[in-house]
>>> print(open('start_28.cif').read())   # mmCIF, N, CA and C atoms
data_structure
loop_
_atom_site.label_atom_id
_atom_site.label_comp_id
_atom_site.auth_asym_id
_atom_site.auth_seq_id
_atom_site.Cartn_x
_atom_site.Cartn_y
_atom_site.Cartn_z
N MET A 1 0.86 -1.17 0.00
CA MET A 1 0.00 0.00 0.00
C MET A 1 0.90 1.23 0.00
N SER A 2 0.63 2.18 -0.86
CA SER A 2 1.45 3.38 -0.93
C SER A 2 1.11 4.34 0.20
N GLU A 3 2.10 5.10 0.64
CA GLU A 3 1.88 6.06 1.71
C GLU A 3 1.08 7.24 1.17
N VAL A 4 0.11 7.66 1.94
CA VAL A 4 -0.76 8.77 1.56
C VAL A 4 -0.44 9.96 2.45
N VAL A 5 -0.22 11.12 1.86
CA VAL A 5 0.00 12.34 2.64
C VAL A 5 -1.36 12.82 3.11
N GLN A 6 -1.50 12.97 4.41
CA GLN A 6 -2.75 13.47 4.96
C GLN A 6 -2.58 14.94 5.32
N PHE A 7 -3.53 15.74 4.89
CA PHE A 7 -3.46 17.17 5.12
C PHE A 7 -4.28 17.56 6.34
N CYS A 8 -3.89 18.67 6.94
CA CYS A 8 -4.58 19.24 8.09
C CYS A 8 -6.05 19.45 7.72
N ARG A 9 -6.93 19.18 8.65
CA ARG A 9 -8.37 19.32 8.36
C ARG A 9 -8.97 20.59 8.95
N SER A 10 -8.14 21.47 9.51
CA SER A 10 -8.65 22.72 10.07
C SER A 10 -9.27 23.54 8.94
N ARG A 11 -10.37 24.23 9.28
CA ARG A 11 -11.05 25.07 8.31
C ARG A 11 -11.28 26.46 8.90
N ASN A 12 -11.37 27.42 8.00
CA ASN A 12 -11.65 28.80 8.40
C ASN A 12 -12.52 29.38 7.31
N GLY A 13 -13.76 29.69 7.65
CA GLY A 13 -14.68 30.19 6.64
C GLY A 13 -14.92 29.17 5.55
N GLY A 14 -14.80 27.88 5.89
CA GLY A 14 -14.98 26.81 4.92
C GLY A 14 -13.73 26.47 4.13
N ARG A 15 -12.70 27.32 4.20
CA ARG A 15 -11.44 27.04 3.51
C ARG A 15 -10.65 26.02 4.31
N ARG A 16 -10.11 25.05 3.64
CA ARG A 16 -9.38 23.98 4.30
C ARG A 16 -7.89 24.28 4.31
N CYS A 17 -7.23 24.03 5.44
CA CYS A 17 -5.79 24.22 5.56
C CYS A 17 -5.09 23.29 4.57
N THR A 18 -4.09 23.83 3.90
CA THR A 18 -3.38 23.04 2.88
C THR A 18 -2.02 22.56 3.38
N ARG A 19 -1.79 22.62 4.68
CA ARG A 19 -0.54 22.13 5.25
C ARG A 19 -0.71 20.67 5.69
N PRO A 20 0.40 19.93 5.86
CA PRO A 20 0.31 18.52 6.25
C PRO A 20 -0.29 18.35 7.64
N LEU A 21 -0.89 17.20 7.87
CA LEU A 21 -1.47 16.86 9.17
C LEU A 21 -0.38 16.95 10.24
N GLY A 22 -0.69 17.58 11.36
CA GLY A 22 0.24 17.68 12.46
C GLY A 22 1.28 18.78 12.31
N HIS A 23 1.08 19.69 11.37
CA HIS A 23 2.05 20.76 11.14
C HIS A 23 2.15 21.69 12.35
N ALA A 24 3.28 22.36 12.47
CA ALA A 24 3.46 23.38 13.50
C ALA A 24 3.08 24.74 12.92
N GLY A 25 2.70 25.66 13.79
CA GLY A 25 2.42 27.02 13.35
C GLY A 25 1.02 27.24 12.84
N LEU A 26 0.85 28.34 12.14
CA LEU A 26 -0.47 28.75 11.65
C LEU A 26 -0.99 27.85 10.54
N HIS A 27 -2.32 27.80 10.46
CA HIS A 27 -2.97 27.11 9.35
C HIS A 27 -2.94 28.05 8.15
N ARG A 28 -2.97 27.48 6.95
CA ARG A 28 -2.87 28.32 5.76
C ARG A 28 -3.70 27.75 4.62
N HIS A 29 -4.35 28.64 3.90
CA HIS A 29 -5.02 28.34 2.63
C HIS A 29 -4.71 29.50 1.71
N ARG A 30 -3.86 29.25 0.72
CA ARG A 30 -3.33 30.31 -0.14
C ARG A 30 -2.72 31.40 0.72
N SER A 31 -3.17 32.63 0.63
CA SER A 31 -2.57 33.71 1.41
C SER A 31 -3.28 33.97 2.73
N ILE A 32 -4.30 33.19 3.04
CA ILE A 32 -5.07 33.38 4.27
C ILE A 32 -4.51 32.45 5.35
N MET A 33 -4.24 33.00 6.52
CA MET A 33 -3.69 32.22 7.62
C MET A 33 -4.57 32.41 8.85
N TRP A 34 -4.61 31.37 9.75
CA TRP A 34 -5.40 31.47 10.96
C TRP A 34 -4.83 30.55 12.04
N THR A 35 -5.23 30.84 13.28
CA THR A 35 -4.83 30.04 14.43
C THR A 35 -5.92 29.02 14.73
N ASP A 36 -5.64 28.12 15.66
CA ASP A 36 -6.67 27.17 16.09
C ASP A 36 -7.88 27.91 16.66
N ALA A 37 -7.62 29.01 17.38
CA ALA A 37 -8.72 29.79 17.96
C ALA A 37 -9.61 30.40 16.88
N GLY A 38 -9.07 30.67 15.71
CA GLY A 38 -9.84 31.26 14.61
C GLY A 38 -10.46 30.25 13.68
N ALA A 39 -10.27 28.96 13.99
CA ALA A 39 -10.78 27.91 13.11
C ALA A 39 -12.28 27.72 13.26
N ASP A 40 -12.90 27.19 12.22
CA ASP A 40 -14.32 26.83 12.29
C ASP A 40 -14.50 25.76 13.37
N PRO A 41 -15.71 25.61 13.92
CA PRO A 41 -15.95 24.55 14.90
C PRO A 41 -15.63 23.17 14.31
N ALA A 42 -15.24 22.24 15.18
CA ALA A 42 -14.89 20.89 14.72
C ALA A 42 -16.10 20.17 14.11
N ARG A 43 -17.31 20.45 14.63
CA ARG A 43 -18.51 19.80 14.11
C ARG A 43 -18.70 20.22 12.66
N CYS A 44 -18.88 19.25 11.79
CA CYS A 44 -19.06 19.53 10.37
C CYS A 44 -20.45 20.12 10.12
N ALA A 45 -20.49 21.17 9.32
CA ALA A 45 -21.76 21.81 8.97
C ALA A 45 -22.66 20.89 8.14
N GLY A 46 -22.08 19.81 7.60
CA GLY A 46 -22.87 18.85 6.83
C GLY A 46 -23.64 17.86 7.69
N SER A 47 -23.39 17.86 8.99
CA SER A 47 -24.12 16.97 9.91
C SER A 47 -25.61 17.24 9.79
N GLY A 48 -26.41 16.19 9.66
CA GLY A 48 -27.86 16.33 9.56
C GLY A 48 -28.38 16.59 8.16
N SER A 49 -27.49 16.70 7.19
CA SER A 49 -27.91 16.91 5.80
C SER A 49 -28.46 15.61 5.21
N PRO A 50 -29.37 15.72 4.24
CA PRO A 50 -29.86 14.51 3.58
C PRO A 50 -28.72 13.79 2.86
N GLY A 51 -28.79 12.48 2.83
CA GLY A 51 -27.74 11.72 2.15
C GLY A 51 -28.26 10.40 1.64
N GLU A 52 -27.43 9.76 0.87
CA GLU A 52 -27.75 8.42 0.37
C GLU A 52 -26.45 7.64 0.28
N PRO A 53 -26.52 6.33 0.42
CA PRO A 53 -25.30 5.54 0.37
C PRO A 53 -24.54 5.78 -0.93
N ALA A 54 -23.23 5.97 -0.80
CA ALA A 54 -22.38 6.18 -1.98
C ALA A 54 -22.20 4.86 -2.72
N ARG A 55 -21.96 4.96 -4.01
CA ARG A 55 -21.72 3.76 -4.81
C ARG A 55 -20.49 3.05 -4.27
N PRO A 56 -20.56 1.74 -4.13
CA PRO A 56 -19.42 1.01 -3.55
C PRO A 56 -18.35 0.66 -4.58
N LEU A 57 -17.14 0.52 -4.07
CA LEU A 57 -16.04 -0.04 -4.87
C LEU A 57 -16.23 -1.55 -4.90
N ALA A 58 -15.41 -2.25 -5.63
CA ALA A 58 -15.54 -3.71 -5.75
C ALA A 58 -15.44 -4.41 -4.39
N ASP A 59 -14.66 -3.85 -3.46
CA ASP A 59 -14.51 -4.49 -2.15
C ASP A 59 -15.58 -4.05 -1.14
N GLY A 60 -16.57 -3.25 -1.59
CA GLY A 60 -17.67 -2.83 -0.73
C GLY A 60 -17.50 -1.47 -0.09
N TYR A 61 -16.30 -0.90 -0.13
CA TYR A 61 -16.07 0.42 0.44
C TYR A 61 -16.95 1.44 -0.27
N PRO A 62 -17.64 2.28 0.41
CA PRO A 62 -17.59 2.75 1.78
C PRO A 62 -18.63 2.13 2.71
N GLU A 63 -18.99 0.89 2.46
CA GLU A 63 -19.86 0.10 3.35
C GLU A 63 -21.16 0.80 3.71
N GLY A 64 -21.85 1.37 2.73
CA GLY A 64 -23.16 1.96 2.97
C GLY A 64 -23.14 3.38 3.50
N ARG A 65 -21.97 3.94 3.69
CA ARG A 65 -21.89 5.32 4.17
C ARG A 65 -22.11 6.30 3.02
N ALA A 66 -22.49 7.52 3.39
CA ALA A 66 -22.74 8.57 2.40
C ALA A 66 -21.57 9.55 2.40
N LEU A 67 -21.33 10.17 1.27
CA LEU A 67 -20.29 11.19 1.16
C LEU A 67 -20.83 12.52 1.66
N CYS A 68 -20.14 13.13 2.62
CA CYS A 68 -20.51 14.46 3.09
C CYS A 68 -19.92 15.46 2.11
N GLY A 69 -20.75 16.31 1.56
CA GLY A 69 -20.30 17.30 0.60
C GLY A 69 -19.53 18.46 1.21
N VAL A 70 -19.52 18.56 2.53
CA VAL A 70 -18.81 19.65 3.19
C VAL A 70 -17.37 19.23 3.52
N CYS A 71 -17.21 18.10 4.20
CA CYS A 71 -15.87 17.69 4.64
C CYS A 71 -15.28 16.58 3.78
N LEU A 72 -16.07 16.02 2.86
CA LEU A 72 -15.63 14.98 1.93
C LEU A 72 -15.19 13.71 2.64
N ARG A 73 -15.87 13.40 3.74
CA ARG A 73 -15.66 12.14 4.45
C ARG A 73 -16.88 11.27 4.21
N PHE A 74 -16.72 9.97 4.37
CA PHE A 74 -17.85 9.06 4.29
C PHE A 74 -18.41 8.89 5.69
N VAL A 75 -19.72 9.13 5.82
CA VAL A 75 -20.38 9.22 7.11
C VAL A 75 -21.58 8.29 7.12
N LYS A 76 -21.85 7.70 8.29
CA LYS A 76 -23.03 6.84 8.45
C LYS A 76 -24.29 7.69 8.32
N LEU A 77 -25.35 7.04 7.86
CA LEU A 77 -26.67 7.66 7.76
C LEU A 77 -27.52 7.19 8.93
N ASP A 78 -28.40 8.07 9.41
CA ASP A 78 -29.33 7.64 10.45
C ASP A 78 -30.59 7.06 9.80
N GLU A 79 -31.57 6.72 10.61
CA GLU A 79 -32.79 6.07 10.10
C GLU A 79 -33.62 6.98 9.19
N ASP A 80 -33.36 8.29 9.23
CA ASP A 80 -34.06 9.24 8.37
C ASP A 80 -33.26 9.60 7.12
N SER A 81 -32.20 8.83 6.83
CA SER A 81 -31.32 9.06 5.68
C SER A 81 -30.66 10.44 5.72
N THR A 82 -30.28 10.87 6.92
CA THR A 82 -29.50 12.08 7.06
C THR A 82 -28.13 11.71 7.63
N LEU A 83 -27.13 12.54 7.33
CA LEU A 83 -25.79 12.28 7.82
C LEU A 83 -25.74 12.42 9.33
N THR A 84 -25.17 11.43 10.00
CA THR A 84 -25.04 11.52 11.45
C THR A 84 -24.09 12.65 11.80
N GLU A 85 -24.20 13.13 13.03
CA GLU A 85 -23.31 14.21 13.47
C GLU A 85 -21.87 13.72 13.42
N HIS A 86 -21.02 14.55 12.85
CA HIS A 86 -19.61 14.18 12.71
C HIS A 86 -18.74 15.43 12.68
N GLU A 87 -17.45 15.23 12.86
CA GLU A 87 -16.50 16.33 12.80
C GLU A 87 -15.86 16.36 11.42
N THR A 88 -15.31 17.50 11.04
CA THR A 88 -14.70 17.62 9.71
C THR A 88 -13.45 16.77 9.59
N ALA A 89 -12.83 16.41 10.70
CA ALA A 89 -11.61 15.60 10.67
C ALA A 89 -11.73 14.45 11.64
N ASP A 90 -11.10 13.34 11.31
CA ASP A 90 -11.04 12.19 12.20
C ASP A 90 -9.58 11.94 12.54
N PRO A 91 -9.17 12.31 13.75
CA PRO A 91 -7.76 12.13 14.10
C PRO A 91 -7.33 10.67 14.12
N ASP A 92 -8.28 9.75 14.17
CA ASP A 92 -7.96 8.32 14.19
C ASP A 92 -8.09 7.67 12.82
N GLU A 93 -8.24 8.49 11.77
CA GLU A 93 -8.39 7.94 10.43
C GLU A 93 -7.15 7.11 10.06
N THR A 94 -7.40 5.93 9.52
CA THR A 94 -6.31 5.04 9.14
C THR A 94 -5.83 5.36 7.73
N GLU A 95 -4.64 4.91 7.42
CA GLU A 95 -4.12 5.08 6.06
C GLU A 95 -5.00 4.31 5.08
N SER A 96 -5.52 3.16 5.51
CA SER A 96 -6.40 2.36 4.66
C SER A 96 -7.64 3.16 4.26
N GLU A 97 -8.23 3.89 5.22
CA GLU A 97 -9.41 4.71 4.93
C GLU A 97 -9.04 5.80 3.92
N ALA A 98 -7.90 6.44 4.12
CA ALA A 98 -7.47 7.52 3.21
C ALA A 98 -7.23 6.97 1.80
N VAL A 99 -6.61 5.80 1.71
CA VAL A 99 -6.34 5.19 0.40
C VAL A 99 -7.65 4.81 -0.27
N HIS A 100 -8.59 4.23 0.49
CA HIS A 100 -9.89 3.86 -0.08
C HIS A 100 -10.65 5.10 -0.57
N ARG A 101 -10.64 6.17 0.23
CA ARG A 101 -11.34 7.39 -0.18
C ARG A 101 -10.73 7.94 -1.47
N GLN A 102 -9.40 7.92 -1.56
CA GLN A 102 -8.71 8.36 -2.77
C GLN A 102 -9.12 7.50 -3.96
N GLU A 103 -9.16 6.19 -3.77
CA GLU A 103 -9.56 5.28 -4.84
C GLU A 103 -11.01 5.55 -5.25
N TRP A 104 -11.88 5.81 -4.27
CA TRP A 104 -13.29 6.07 -4.58
C TRP A 104 -13.41 7.32 -5.45
N PHE A 105 -12.71 8.40 -5.08
CA PHE A 105 -12.77 9.63 -5.87
C PHE A 105 -12.16 9.44 -7.26
N ASN A 106 -11.10 8.64 -7.35
CA ASN A 106 -10.51 8.37 -8.67
C ASN A 106 -11.44 7.52 -9.53
N THR A 107 -12.28 6.72 -8.90
CA THR A 107 -13.22 5.87 -9.65
C THR A 107 -14.49 6.62 -10.01
N TYR A 108 -15.09 7.34 -9.06
CA TYR A 108 -16.39 7.96 -9.26
C TYR A 108 -16.36 9.48 -9.40
N GLY A 109 -15.26 10.11 -9.04
CA GLY A 109 -15.18 11.57 -9.13
C GLY A 109 -15.93 12.25 -8.01
N TRP A 110 -16.17 13.53 -8.19
CA TRP A 110 -16.83 14.33 -7.17
C TRP A 110 -18.30 14.13 -7.29
#
>>> encode(input="start_28.cif", output="C-alpha cells")
Amino acid sequence: MSEVVQFCRSRNGGRRCTRPLGHAGLHRHRSIMWTDAGADPARCAGSGSPGEPARPLADGYPEGRALCGVCLRFVKLDEDSTLTEHETADPDETESEAVHRQEWFNTYGW
C-alpha cells in the first residue's frame, strides 16, 4: 500500500488548511492564515444533511456510508437518511481509509 500524505483538516470560513497533518504554526489556505482559535468549529456543517449511500467499490467500500459534501468524508446515515453528526476531521483515520477514499474519488469523481 502506498503512503498517503494526509493534510490538516482545520477550516476557516470553509477554507481547508493546505498544510500537512500535524504541522506546527499557523494554518494556511493560499494567502489566508489562521490560528486554532480562529478555526471553524470541529462539528461539520454537513451533519444532519440529507444523504444516500455512496456507490461502492468492488470491495464494498464505503460500506453503505454517504459522502458528506462539506468535509468529503464518508459518514453513516441515520434512520431518516441524514448524515449523522460528525467532525470535519477524524484524528484516528487510518491510512487504509485515506487510500480507499482516494480510490473512490478516482473511480467515481466528485
>>> atom_distance(input="start_28.cif", atom1="atom N of Pro20 (chain A)", atom2="atom C of Glu3 (chain A)")
13.5 Å
>>> resolve_selection(input="start_28.cif", expression="the PyMOL selection byres ((chain A and resi 65-78) around 8)", output="list in words")
Cys44, Ala45, Gly46, Ser47, Pro50, Gly51, Glu52, Pro53, Ala54, Arg55, Gly60, Tyr61, Pro62, Glu63, Gly64, Glu79, Asp80, Ser81, Thr82, Leu83, Thr84, Glu85, His86, Glu87, Thr88, Ala89 and Arg101 of chain A
>>> resolve_selection(input="start_28.cif", expression="the PyMOL selection byres ((chain A and resi 29) around 6.5)", output="count of residues only")
11
>>> atom_distance(input="start_28.cif", atom1="atom C of His23 (chain A)", atom2="atom C of Cys8 (chain A)")
9.7 Å
>>> atom_distance(input="start_28.cif", atom1="atom N of Arg9 (chain A)", atom2="CA of Gly22 (chain A)")
8.3 Å
>>> residues_around(input="start_28.cif", residues="Val4 (chain A)", least_positions_apart="2", cutoff="8 Å", atoms="only C-alpha atoms", output="list of chain:residue names")
A:Ser2, A:Gln6, A:Glu95, A:Ala98, A:Val99
